[in-house]
file structure-v7.pdb (PDB, C-alpha atoms)
ATOM      1  CA  MET A  92      22.166  14.839 -29.549
ATOM      2  CA  LYS A  93      19.203  13.503 -31.451
ATOM      3  CA  ALA A  94      18.710   9.746 -31.605
ATOM      4  CA  GLU A  95      16.323   8.061 -33.984
ATOM      5  CA  ALA A  96      15.116   4.819 -32.468
ATOM      6  CA  LEU A  97      14.910   1.930 -34.908
ATOM      7  CA  GLY A  98      12.550  -0.074 -32.764
ATOM      8  CA  ALA A  99      10.137   0.229 -29.910
ATOM      9  CA  VAL A 100       9.391  -1.768 -26.809
ATOM     10  CA  LYS A 101       5.822  -2.362 -25.800
ATOM     11  CA  GLY A 102       4.704  -4.385 -22.812
ATOM     12  CA  GLU A 103       1.472  -6.251 -23.259
ATOM     13  CA  TYR A 104       0.610  -7.997 -20.014
ATOM     14  CA  GLY A 105       3.931  -9.703 -19.567
ATOM     15  CA  ARG A 106       5.281 -10.237 -23.053
ATOM     16  CA  GLU A 107       7.511  -8.122 -25.225
ATOM     17  CA  VAL A 108       5.983  -7.430 -28.601
ATOM     18  CA  LYS A 109       8.922  -5.759 -30.310
ATOM     19  CA  VAL A 110      12.561  -5.598 -29.262
ATOM     20  CA  PRO A 111      14.543  -2.379 -29.530
ATOM     21  CA  GLY A 112      16.709  -1.745 -32.570
ATOM     22  CA  ALA A 113      19.546  -0.441 -30.393
ATOM     23  CA  ASN A 114      20.344  -2.654 -27.418
ATOM     24  CA  THR A 115      24.026  -1.885 -26.863
ATOM     25  CA  LEU A 116      25.763   1.374 -26.089
ATOM     26  CA  ASP A 117      27.739   1.285 -29.355
ATOM     27  CA  GLN A 118      24.536   0.784 -31.375
ATOM     28  CA  LEU A 119      22.849   3.643 -29.531
ATOM     29  CA  ILE A 120      25.805   5.947 -30.207
ATOM     30  CA  SER A 121      25.755   4.922 -33.874
ATOM     31  CA  LEU A 122      22.190   6.272 -34.168
ATOM     32  CA  THR A 123      23.255   9.781 -33.238
ATOM     33  CA  LYS A 124      23.979  12.307 -35.966
ATOM     34  CA  ARG A 125      26.003  14.647 -33.743
ATOM     35  CA  PRO A 126      28.303  14.259 -30.742
ATOM     36  CA  ALA A 127      26.527  13.579 -27.463
ATOM     37  CA  ASN A 128      26.380  17.115 -26.114
ATOM     38  CA  ARG A 129      22.679  17.456 -25.343
ATOM     39  CA  PRO A 130      20.647  15.419 -22.850
ATOM     40  CA  VAL A 131      18.405  12.662 -24.176
ATOM     41  CA  VAL A 132      15.394  11.126 -22.456
ATOM     42  CA  VAL A 133      14.881   7.377 -22.988
ATOM     43  CA  PHE A 134      11.346   6.439 -21.974
ATOM     44  CA  ILE A 135      10.356   2.806 -21.342
ATOM     45  CA  ASP A 136       6.701   2.162 -20.639
ATOM     46  CA  GLU A 137       5.132  -0.917 -19.007
ATOM     47  CA  ALA A 138       8.443  -1.490 -17.234
ATOM     48  CA  GLN A 139       6.784  -3.816 -14.722
ATOM     49  CA  ASN A 140       6.749  -6.432 -17.503
ATOM     50  CA  VAL A 141      10.508  -6.503 -18.091
ATOM     51  CA  GLU A 142      11.790 -10.081 -18.027
ATOM     52  CA  LYS A 143      15.158 -11.222 -16.714
ATOM     53  CA  GLY A 144      17.785 -11.515 -19.450
ATOM     54  CA  SER A 145      15.599  -9.880 -22.095
ATOM     55  CA  ASP A 146      16.819  -7.274 -24.578
ATOM     56  CA  VAL A 147      14.897  -4.629 -22.665
ATOM     57  CA  ALA A 148      16.537  -5.652 -19.389
ATOM     58  CA  ARG A 149      19.984  -5.412 -20.974
ATOM     59  CA  LEU A 150      19.109  -2.013 -22.446
ATOM     60  CA  ILE A 151      17.977  -0.660 -19.054
ATOM     61  CA  ASP A 152      21.104  -2.019 -17.360
ATOM     62  CA  MET A 153      23.349  -0.481 -20.022
ATOM     63  CA  LEU A 154      21.681   2.930 -19.884
ATOM     64  CA  HIS A 155      21.652   2.979 -16.088
ATOM     65  CA  THR A 156      25.339   2.141 -15.668
ATOM     66  CA  GLN A 157      27.013   3.919 -18.624
ATOM     67  CA  ASN A 158      28.454   7.419 -18.302
ATOM     68  CA  GLU A 159      29.330   8.192 -21.915
ATOM     69  CA  LEU A 160      25.975   9.651 -22.975
ATOM     70  CA  PRO A 161      23.940  12.317 -21.124
ATOM     71  CA  ILE A 162      20.838  10.154 -20.839
ATOM     72  CA  LEU A 163      17.888  10.407 -18.483
ATOM     73  CA  LEU A 164      16.275   6.987 -18.197
ATOM     74  CA  VAL A 165      12.558   7.028 -17.351
ATOM     75  CA  CYS A 166      10.873   3.708 -16.560
ATOM     76  CA  ALA A 167       7.103   3.982 -16.248
ATOM     77  CA  GLY A 168       4.687   1.288 -15.201
ATOM     78  CA  LEU A 169       2.280   0.047 -12.587
ATOM     79  CA  ALA A 170       2.741   0.078  -8.830
ATOM     80  CA  ASN A 171       5.199  -2.844  -8.761
ATOM     81  CA  THR A 172       7.612  -1.306 -11.285
ATOM     82  CA  LYS A 173      10.124  -0.043  -8.730
ATOM     83  CA  ASP A 174      10.217  -3.394  -6.931
ATOM     84  CA  ARG A 175      10.488  -5.274 -10.234
ATOM     85  CA  LEU A 176      13.494  -3.252 -11.417
ATOM     86  CA  HIS A 177      15.236  -3.717  -8.070
ATOM     87  CA  GLU A 178      14.430  -7.428  -8.105
ATOM     88  CA  LEU A 179      16.163  -7.757 -11.486
ATOM     89  CA  LYS A 180      19.087  -5.651 -10.180
ATOM     90  CA  LEU A 181      18.564  -3.209 -13.037
ATOM     91  CA  VAL A 182      18.354  -0.118 -10.827
ATOM     92  CA  SER A 183      20.855   0.455  -8.050
ATOM     93  CA  ARG A 184      20.633   4.182  -7.374
ATOM     94  CA  SER A 185      16.884   4.668  -7.078
ATOM     95  CA  THR A 186      15.771   6.765  -4.123
ATOM     96  CA  LEU A 187      12.571   8.550  -3.205
ATOM     97  CA  ARG A 188      13.906  11.536  -5.157
ATOM     98  CA  HIS A 189      13.794   9.423  -8.295
ATOM     99  CA  TYR A 190      10.362   7.887  -7.731
ATOM    100  CA  PHE A 191       7.199   9.720  -8.712
ATOM    101  CA  PRO A 192       3.836   7.982  -8.205
ATOM    102  CA  LEU A 193       1.367   9.017 -10.902
ATOM    103  CA  GLY A 194      -2.386   8.762 -10.748
ATOM    104  CA  LEU A 195      -5.423  10.747 -11.740
ATOM    105  CA  LEU A 196      -5.124  14.062 -13.514
ATOM    106  CA  GLU A 197      -6.315  17.159 -11.749
ATOM    107  CA  PRO A 198      -9.819  18.150 -12.965
ATOM    108  CA  GLU A 199      -8.465  21.186 -14.816
ATOM    109  CA  GLU A 200      -5.718  19.065 -16.410
ATOM    110  CA  SER A 201      -8.185  16.561 -17.824
ATOM    111  CA  ALA A 202     -10.516  19.340 -19.043
ATOM    112  CA  ARG A 203      -7.606  21.142 -20.657
ATOM    113  CA  THR A 204      -6.476  17.912 -22.322
ATOM    114  CA  ALA A 205      -9.990  17.281 -23.683
ATOM    115  CA  ARG A 206     -10.219  20.854 -25.010
ATOM    116  CA  HIS A 207      -6.859  20.510 -26.721
ATOM    117  CA  ALA A 208      -7.903  17.180 -28.252
ATOM    118  CA  LEU A 209     -11.081  18.790 -29.628
ATOM    119  CA  ASP A 210      -8.991  21.608 -31.103
ATOM    120  CA  VAL A 211      -6.685  19.098 -32.807
ATOM    121  CA  ILE A 212      -9.614  17.056 -34.139
ATOM    122  CA  CYS A 213     -11.144  20.144 -35.737
ATOM    123  CA  GLU A 214      -7.838  21.464 -37.046
ATOM    124  CA  LYS A 215      -6.573  18.201 -38.543
ATOM    125  CA  THR A 216      -9.822  16.783 -39.959
ATOM    126  CA  GLY A 217     -11.826  19.837 -40.951
ATOM    127  CA  VAL A 218     -14.623  19.135 -38.473
ATOM    128  CA  GLU A 219     -16.607  22.312 -37.846
ATOM    129  CA  ARG A 220     -15.749  23.720 -34.449
ATOM    130  CA  ALA A 221     -18.456  24.625 -31.933
ATOM    131  CA  ASP A 222     -18.631  28.019 -30.263
ATOM    132  CA  ASP A 223     -16.392  28.437 -27.238
ATOM    133  CA  ARG A 224     -19.187  27.780 -24.755
ATOM    134  CA  LYS A 225     -20.220  24.438 -26.242
ATOM    135  CA  HIS A 226     -16.595  23.520 -26.938
ATOM    136  CA  ASP A 227     -15.793  23.944 -23.246
ATOM    137  CA  LEU A 228     -19.004  22.225 -22.165
ATOM    138  CA  ILE A 229     -18.160  19.103 -24.193
ATOM    139  CA  ALA A 230     -14.575  19.063 -22.949
ATOM    140  CA  ASP A 231     -15.690  19.456 -19.320
ATOM    141  CA  ARG A 232     -18.285  16.685 -19.681
ATOM    142  CA  ILE A 233     -15.756  14.278 -21.197
ATOM    143  CA  ALA A 234     -13.275  15.099 -18.441
ATOM    144  CA  THR A 235     -15.878  14.474 -15.739
ATOM    145  CA  GLU A 236     -17.048  11.177 -17.245
ATOM    146  CA  SER A 237     -13.436  10.000 -17.507
ATOM    147  CA  ASP A 238     -12.936  10.368 -13.743
ATOM    148  CA  HIS A 239      -9.852  12.338 -14.819
ATOM    149  CA  TRP A 240      -8.072   9.115 -15.764
ATOM    150  CA  PRO A 241      -5.951   9.442 -18.963
ATOM    151  CA  ARG A 242      -6.908   6.047 -20.392
ATOM    152  CA  HIS A 243     -10.597   6.822 -19.905
ATOM    153  CA  LEU A 244     -10.227  10.165 -21.674
ATOM    154  CA  THR A 245      -9.091   8.203 -24.704
ATOM    155  CA  CYS A 246     -12.216   6.026 -24.565
ATOM    156  CA  TYR A 247     -14.549   9.027 -24.634
ATOM    157  CA  LEU A 248     -12.584  10.914 -27.293
ATOM    158  CA  ILE A 249     -12.663   7.870 -29.580
ATOM    159  CA  ALA A 250     -16.413   7.607 -29.038
ATOM    160  CA  LEU A 251     -16.831  11.316 -29.828
ATOM    161  CA  CYS A 252     -14.868  10.921 -33.079
ATOM    162  CA  GLU A 253     -17.074   8.009 -34.072
ATOM    163  CA  GLU A 254     -20.175  10.123 -33.492
ATOM    164  CA  LEU A 255     -18.694  12.900 -35.644
ATOM    165  CA  ALA A 256     -17.924  10.396 -38.399
ATOM    166  CA  LYS A 257     -21.618   9.485 -38.607
ATOM    167  CA  GLN A 258     -22.513  13.016 -39.772
ATOM    168  CA  ASP A 259     -22.624  13.972 -43.441
ATOM    169  CA  LEU A 260     -20.906  17.261 -42.572
ATOM    170  CA  PRO A 261     -19.160  16.619 -39.259
ATOM    171  CA  SER A 262     -19.772  19.390 -36.755
ATOM    172  CA  VAL A 263     -19.015  19.512 -33.046
ATOM    173  CA  THR A 264     -22.048  21.768 -32.649
ATOM    174  CA  ASP A 265     -24.411  19.056 -33.900
ATOM    175  CA  VAL A 266     -22.739  16.014 -32.328
ATOM    176  CA  CYS A 267     -24.906  13.893 -30.053
ATOM    177  CA  LEU A 268     -22.927  14.093 -26.838
ATOM    178  CA  THR A 269     -25.249  11.691 -25.013
ATOM    179  CA  ASP A 270     -24.550   8.928 -27.543
ATOM    180  CA  ALA A 271     -20.813   9.656 -27.432
ATOM    181  CA  ILE A 272     -20.765   9.384 -23.639
ATOM    182  CA  GLU A 273     -22.725   6.132 -23.757
ATOM    183  CA  ALA A 274     -20.289   4.654 -26.282
ATOM    184  CA  GLY A 275     -17.399   5.892 -24.131
ATOM    185  CA  HIS A 276     -18.865   4.017 -21.166
ATOM    186  CA  LYS A 277     -18.853   0.818 -23.215
ATOM    187  CA  TYR A 278     -15.243   1.286 -24.299
ATOM    188  CA  ARG A 279     -14.207   1.888 -20.703
ATOM    189  CA  GLN A 280     -16.077  -1.194 -19.504
ATOM    190  CA  ALA A 281     -14.457  -3.261 -22.261
ATOM    191  CA  TYR A 282     -11.067  -2.082 -20.984
ATOM    192  CA  TYR A 283     -11.997  -3.156 -17.457
ATOM    193  CA  GLN A 284     -13.248  -6.519 -18.701
ATOM    194  CA  GLU A 285      -9.991  -7.074 -20.567
ATOM    195  CA  ARG A 286      -8.088  -6.464 -17.336
ATOM    196  CA  LEU A 287     -10.293  -8.953 -15.485
ATOM    197  CA  ASN A 288      -9.959 -11.560 -18.223
ATOM    198  CA  THR A 289      -6.191 -11.200 -18.190
ATOM    199  CA  SER A 290      -6.040 -11.571 -14.409
ATOM    200  CA  LYS A 291      -7.774 -14.983 -14.525
ATOM    201  CA  ILE A 292      -8.956 -14.256 -11.005
ATOM    202  CA  PRO A 293     -12.653 -14.902 -10.322
ATOM    203  CA  ILE A 294     -14.560 -11.669  -9.993
ATOM    204  CA  ARG A 295     -15.936 -12.727  -6.600
ATOM    205  CA  VAL A 296     -12.387 -13.034  -5.260
ATOM    206  CA  LEU A 297     -11.456  -9.579  -6.487
ATOM    207  CA  ALA A 298     -14.685  -8.077  -5.121
ATOM    208  CA  GLU A 299     -13.920  -9.555  -1.680
ATOM    209  CA  VAL A 300     -10.424  -8.091  -1.811
ATOM    210  CA  TYR A 301     -11.819  -4.643  -2.591
ATOM    211  CA  GLN A 302     -14.347  -5.007   0.213
ATOM    212  CA  ALA A 303     -11.574  -5.876   2.690
ATOM    213  CA  ILE A 304      -9.409  -2.977   1.524
ATOM    214  CA  ARG A 305     -12.322  -0.592   1.908
ATOM    215  CA  ALA A 306     -13.181  -1.888   5.374
ATOM    216  CA  GLU A 307      -9.721  -1.312   6.859
ATOM    217  CA  ARG A 308      -6.340   0.129   5.917
ATOM    218  CA  LEU A 309      -4.471  -2.961   4.769
ATOM    219  CA  SER A 310      -0.699  -2.982   4.483
ATOM    220  CA  GLN A 311       0.847  -5.058   1.713
ATOM    221  CA  LEU A 312       1.492  -7.954   4.098
ATOM    222  CA  ALA A 313      -2.065  -7.795   5.439
ATOM    223  CA  CYS A 314      -3.429  -7.723   1.899
ATOM    224  CA  GLU A 315      -1.322 -10.770   0.994
ATOM    225  CA  ASP A 316      -2.809 -12.627   3.970
ATOM    226  CA  THR A 317      -6.307 -11.525   2.985
ATOM    227  CA  LEU A 318      -5.841 -12.699  -0.599
ATOM    228  CA  GLU A 319      -4.493 -16.057   0.556
ATOM    229  CA  GLU A 320      -7.489 -16.567   2.852
ATOM    230  CA  ILE A 321     -10.012 -15.545   0.189
ATOM    231  CA  ILE A 322      -8.458 -17.849  -2.415
ATOM    232  CA  ALA A 323      -8.253 -20.733   0.061
ATOM    233  CA  GLY A 324     -11.951 -20.340   0.831
ATOM    234  CA  TYR A 325     -13.096 -19.931  -2.771
ATOM    235  CA  GLN A 326     -15.318 -22.810  -3.921
ATOM    236  CA  GLY A 327     -16.576 -21.574  -7.291
ATOM    237  CA  LYS A 328     -15.687 -22.685 -10.805
ATOM    238  CA  GLY A 329     -11.948 -22.853 -11.404
ATOM    239  CA  ALA A 330     -11.156 -23.081  -7.686
ATOM    240  CA  THR A 331      -8.627 -25.901  -8.106
ATOM    241  CA  SER A 332      -6.743 -24.117 -10.890
ATOM    242  CA  LEU A 333      -6.829 -20.840  -8.954
ATOM    243  CA  LYS A 334      -5.277 -22.411  -5.847
ATOM    244  CA  ARG A 335      -2.669 -24.206  -7.912
ATOM    245  CA  ARG A 336      -1.762 -20.979  -9.715
ATOM    246  CA  PHE A 337      -1.530 -18.909  -6.534
ATOM    247  CA  PRO A 338      -0.237 -21.194  -3.753
ATOM    248  CA  ASN A 339       0.329 -18.243  -1.459
ATOM    249  CA  GLY A 340      -0.862 -14.682  -0.956
ATOM    250  CA  GLU A 341       2.460 -13.150  -1.955
ATOM    251  CA  ASP A 342       2.208 -14.569  -5.480
ATOM    252  CA  ALA A 343      -1.427 -13.517  -5.806
ATOM    253  CA  PHE A 344      -0.732  -9.983  -4.565
ATOM    254  CA  GLU A 345       2.197  -9.530  -6.938
ATOM    255  CA  TRP A 346      -0.008 -10.603  -9.836
ATOM    256  CA  VAL A 347      -2.926  -8.275  -9.094
ATOM    257  CA  ARG A 348      -0.526  -5.406  -8.458
ATOM    258  CA  ARG A 349       1.285  -6.112 -11.713
ATOM    259  CA  LEU A 350      -2.020  -5.845 -13.569
ATOM    260  CA  GLY A 351      -2.959  -2.594 -11.843
ATOM    261  CA  LEU A 352      -5.903  -4.085  -9.949
ATOM    262  CA  VAL A 353      -4.429  -3.144  -6.576
ATOM    263  CA  THR A 354      -1.786  -0.561  -5.736
ATOM    264  CA  THR A 355       0.265   0.493  -2.731
ATOM    265  CA  ASP A 356       1.001   3.948  -4.151
ATOM    266  CA  GLY A 357      -0.183   6.453  -1.614
ATOM    267  CA  PRO A 358       0.904   8.580   1.338
ATOM    268  CA  ASP A 359       0.913   5.676   3.798
ATOM    269  CA  GLU A 360       1.565   2.796   1.346
ATOM    270  CA  THR A 361      -1.656   1.026   2.304
ATOM    271  CA  CYS A 362      -3.466  -0.930  -0.381
ATOM    272  CA  ARG A 363      -6.243   0.533  -2.481
ATOM    273  CA  ALA A 364      -7.968   0.111  -5.812
ATOM    274  CA  PRO A 365      -6.066   2.409  -8.221
ATOM    275  CA  ILE A 366      -9.147   3.187 -10.338
ATOM    276  CA  PRO A 367     -12.281   3.779  -8.225
ATOM    277  CA  SER A 368     -14.657   3.292 -11.157
ATOM    278  CA  MET A 369     -13.088  -0.099 -11.853
ATOM    279  CA  GLU A 370     -13.806  -1.122  -8.275
ATOM    280  CA  THR A 371     -17.448  -0.139  -8.881
ATOM    281  CA  PHE A 372     -17.462  -2.133 -12.133
ATOM    282  CA  VAL A 373     -16.167  -5.249 -10.363
ATOM    283  CA  GLU A 374     -18.760  -4.998  -7.598
ATOM    284  CA  GLU A 375     -21.621  -4.483 -10.057
ATOM    285  CA  LYS A 376     -20.499  -7.504 -12.102
ATOM    286  CA  CYS A 377     -20.271  -9.538  -8.910
ATOM    287  CA  ARG A 378     -23.795  -8.560  -7.838
ATOM    288  CA  ALA A 379     -25.092  -9.506 -11.291
ATOM    289  CA  LEU A 380     -23.738 -13.027 -10.768
ATOM    290  CA  SER A 381     -25.577 -13.442  -7.448
TER     291      SER A 381
END

call {"tool": "encode", "arguments": {"input": "structure-v7.pdb", "output": "structure tokens"}}
result
Amino acid sequence: MKAEALGAVKGEYGREVKVPGANTLDQLISLTKRPANRPVVVFIDEAQNVEKGSDVARLIDMLHTQNELPILLVCAGLANTKDRLHELKLVSRSTLRHYFPLGLLEPEESARTARHALDVICEKTGVERADDRKHDLIADRIATESDHWPRHLTCYLIALCEELAKQDLPSVTDVCLTDAIEAGHKYRQAYYQERLNTSKIPIRVLAEVYQAIRAERLSQLACEDTLEEIIAGYQGKGATSLKRRFPNGEDAFEWVRRLGLVTTDGPDETCRAPIPSMETFVEEKCRALS
């Protein structure tokens, strides 16, 4: 079976940008050109942002409970995704066998991805390819600078393309890798800043949370208590609004986890910063304010 989706769902920090074109089983079946005799994967990203009663929620519920189509439903998102889907009663058969925490790529995976991206750039745009040695050197450097995080790889590859576009005759051999890496740093920092802006949590509060997590292995409950204490003691600008917005640590923890600022994904389910370089970014910004 091959289904052609008429719409897409994209989560953007809590709001649905575009609803799916097929949100009932009959509509989904109507999109198929042949009888349902081959498995289909339905992938929903940013699933932690699904809202109760939304079209996406109804779609997930329908796909999860129907047995007429051979569908594998994959819901991807941040660390609170599993809890969010259970909270909305959209997933009833989830077990540890169905849950796969994702994180950093392995070093070879990120290097291989960067090499493949360079190959595609050269093949699709006519950019002159470097010799194998330099090709691999650039890919390895981009992978290392990205901390093997997929989103960061994108930042550095975009920066590399922009450096190539500056050349009269674009050539990977002649690209200024130093400038590309520097621009990639800025794109990555802009991504971090966007996350911080969206959180509306003072950077000093977040830095204290990271410091507490680093000092001892905090469970989720302990981290909720820590957040509540830090927010209660915060006296900086916006303190009144912050305390009104997060009256307790449970609400604050759910929010920072939903934004990917803290995660409980790990072998012992203790709290940690999911992106180490973001933790460094937060602490450097905090020191700059002192």

call {"tool": "atom_distance", "arguments": {"input": "structure-v7.pdb", "atom1": "CA of Thr264 (chain A)", "atom2": "CA of Lys215 (chain A)"}}
result
16.9 Å

call {"tool": "resolve_selection", "arguments": {"input": "structure-v7.pdb", "expression": "the PyMOL selection byres ((chain A and resi 333) around 12)", "output": "PyMOL selection string"}}
result
chain A and resi 290-293+296+318-319+321-332+334-340+342-343

call {"tool": "atom_distance", "arguments": {"input": "structure-v7.pdb", "atom1": "CA of Ala306 (chain A)", "atom2": "CA of Tyr190 (chain A)"}}
result
28.7 Å

call {"tool": "atom_distance", "arguments": {"input": "structure-v7.pdb", "atom1": "CA of Glu299 (chain A)", "atom2": "CA of Cys246 (chain A)"}}
result
27.7 Å

call {"tool": "residues_near_point", "arguments": {"input": "structure-v7.pdb", "point": "(-9.7, 18.4, -17.2)", "cutoff": "10 Å", "atoms": "only C-alpha atoms", "output": "PDB file with C-alpha atoms, in the coordinates of the input"}}
result
ATOM      1  CA  LEU A 196      -5.124  14.062 -13.514  1.00  0.00           C
ATOM      2  CA  GLU A 197      -6.315  17.159 -11.749  1.00  0.00           C
ATOM      3  CA  PRO A 198      -9.819  18.150 -12.965  1.00  0.00           C
ATOM      4  CA  GLU A 199      -8.465  21.186 -14.816  1.00  0.00           C
ATOM      5  CA  GLU A 200      -5.718  19.065 -16.410  1.00  0.00           C
ATOM      6  CA  SER A 201      -8.185  16.561 -17.824  1.00  0.00           C
ATOM      7  CA  ALA A 202     -10.516  19.340 -19.043  1.00  0.00           C
ATOM      8  CA  ARG A 203      -7.606  21.142 -20.657  1.00  0.00           C
ATOM      9  CA  THR A 204      -6.476  17.912 -22.322  1.00  0.00           C
ATOM     10  CA  ALA A 205      -9.990  17.281 -23.683  1.00  0.00           C
ATOM     11  CA  ARG A 206     -10.219  20.854 -25.010  1.00  0.00           C
ATOM     12  CA  ALA A 230     -14.575  19.063 -22.949  1.00  0.00           C
ATOM     13  CA  ASP A 231     -15.690  19.456 -19.320  1.00  0.00           C
ATOM     14  CA  ARG A 232     -18.285  16.685 -19.681  1.00  0.00           C
ATOM     15  CA  ILE A 233     -15.756  14.278 -21.197  1.00  0.00           C
ATOM     16  CA  ALA A 234     -13.275  15.099 -18.441  1.00  0.00           C
ATOM     17  CA  THR A 235     -15.878  14.474 -15.739  1.00  0.00           C
ATOM     18  CA  SER A 237     -13.436  10.000 -17.507  1.00  0.00           C
ATOM     19  CA  ASP A 238     -12.936  10.368 -13.743  1.00  0.00           C
ATOM     20  CA  HIS A 239      -9.852  12.338 -14.819  1.00  0.00           C
ATOM     21  CA  TRP A 240      -8.072   9.115 -15.764  1.00  0.00           C
ATOM     22  CA  PRO A 241      -5.951   9.442 -18.963  1.00  0.00           C
ATOM     23  CA  LEU A 244     -10.227  10.165 -21.674  1.00  0.00           C
TER      24      LEU A 244
END

call {"tool": "closest_residue", "arguments": {"input": "structure-v7.pdb", "among": "A:Leu195, A:Ile304, A:Leu260, A:Leu255", "to": "Ile366 (chain A)", "atoms": "only C-alpha atoms"}}
result
A:Leu195

call {"tool": "closest_residue", "arguments": {"input": "structure-v7.pdb", "among": "A:Asn140, A:Val347, A:Glu375, A:Ala167", "to": "Leu287 (chain A)", "atoms": "only C-alpha atoms"}}
result
A:Val347

call {"tool": "closest_residue", "arguments": {"input": "structure-v7.pdb", "among": "A:Cys362, A:Leu164, A:Ala148, A:Cys377", "to": "Glu178 (chain A)", "atoms": "only C-alpha atoms"}}
result
A:Ala148

call {"tool": "axis_aligned_box", "arguments": {"input": "structure-v7.pdb", "around": "region 169-173 of chain A", "padding_each_side": "8 Å", "output": "lines of an AutoDock Vina configuration file"}}
result
center_x = 6.2
center_y = -1.4
center_z = -10.7
size_x = 23.8
size_y = 18.9
size_z = 19.9

call {"tool": "resolve_selection", "arguments": {"input": "structure-v7.pdb", "expression": "the PyMOL selection byres ((chain A and resi 369-372) around 12)", "output": "mmCIF file with C-alpha atoms, in the coordinates of the input"}}
result
data_model
loop_
_atom_site.group_PDB
_atom_site.id
_atom_site.type_symbol
_atom_site.label_atom_id
_atom_site.label_comp_id
_atom_site.auth_asym_id
_atom_site.auth_seq_id
_atom_site.Cartn_x
_atom_site.Cartn_y
_atom_site.Cartn_z
ATOM 1 C CA SER A 237 -13.436 10.000 -17.507
ATOM 2 C CA ASP A 238 -12.936 10.368 -13.743
ATOM 3 C CA TRP A 240 -8.072 9.115 -15.764
ATOM 4 C CA HIS A 243 -10.597 6.822 -19.905
ATOM 5 C CA HIS A 276 -18.865 4.017 -21.166
ATOM 6 C CA LYS A 277 -18.853 0.818 -23.215
ATOM 7 C CA ARG A 279 -14.207 1.888 -20.703
ATOM 8 C CA GLN A 280 -16.077 -1.194 -19.504
ATOM 9 C CA ALA A 281 -14.457 -3.261 -22.261
ATOM 10 C CA TYR A 282 -11.067 -2.082 -20.984
ATOM 11 C CA TYR A 283 -11.997 -3.156 -17.457
ATOM 12 C CA GLN A 284 -13.248 -6.519 -18.701
ATOM 13 C CA GLU A 285 -9.991 -7.074 -20.567
ATOM 14 C CA ARG A 286 -8.088 -6.464 -17.336
ATOM 15 C CA LEU A 287 -10.293 -8.953 -15.485
ATOM 16 C CA ILE A 294 -14.560 -11.669 -9.993
ATOM 17 C CA ARG A 295 -15.936 -12.727 -6.600
ATOM 18 C CA LEU A 297 -11.456 -9.579 -6.487
ATOM 19 C CA ALA A 298 -14.685 -8.077 -5.121
ATOM 20 C CA GLU A 299 -13.920 -9.555 -1.680
ATOM 21 C CA VAL A 300 -10.424 -8.091 -1.811
ATOM 22 C CA TYR A 301 -11.819 -4.643 -2.591
ATOM 23 C CA GLN A 302 -14.347 -5.007 0.213
ATOM 24 C CA ILE A 304 -9.409 -2.977 1.524
ATOM 25 C CA ARG A 305 -12.322 -0.592 1.908
ATOM 26 C CA GLY A 351 -2.959 -2.594 -11.843
ATOM 27 C CA LEU A 352 -5.903 -4.085 -9.949
ATOM 28 C CA VAL A 353 -4.429 -3.144 -6.576
ATOM 29 C CA ARG A 363 -6.243 0.533 -2.481
ATOM 30 C CA ALA A 364 -7.968 0.111 -5.812
ATOM 31 C CA PRO A 365 -6.066 2.409 -8.221
ATOM 32 C CA ILE A 366 -9.147 3.187 -10.338
ATOM 33 C CA PRO A 367 -12.281 3.779 -8.225
ATOM 34 C CA SER A 368 -14.657 3.292 -11.157
ATOM 35 C CA VAL A 373 -16.167 -5.249 -10.363
ATOM 36 C CA GLU A 374 -18.760 -4.998 -7.598
ATOM 37 C CA GLU A 375 -21.621 -4.483 -10.057
ATOM 38 C CA LYS A 376 -20.499 -7.504 -12.102
ATOM 39 C CA CYS A 377 -20.271 -9.538 -8.910
ATOM 40 C CA ARG A 378 -23.795 -8.560 -7.838
ATOM 41 C CA ALA A 379 -25.092 -9.506 -11.291
#
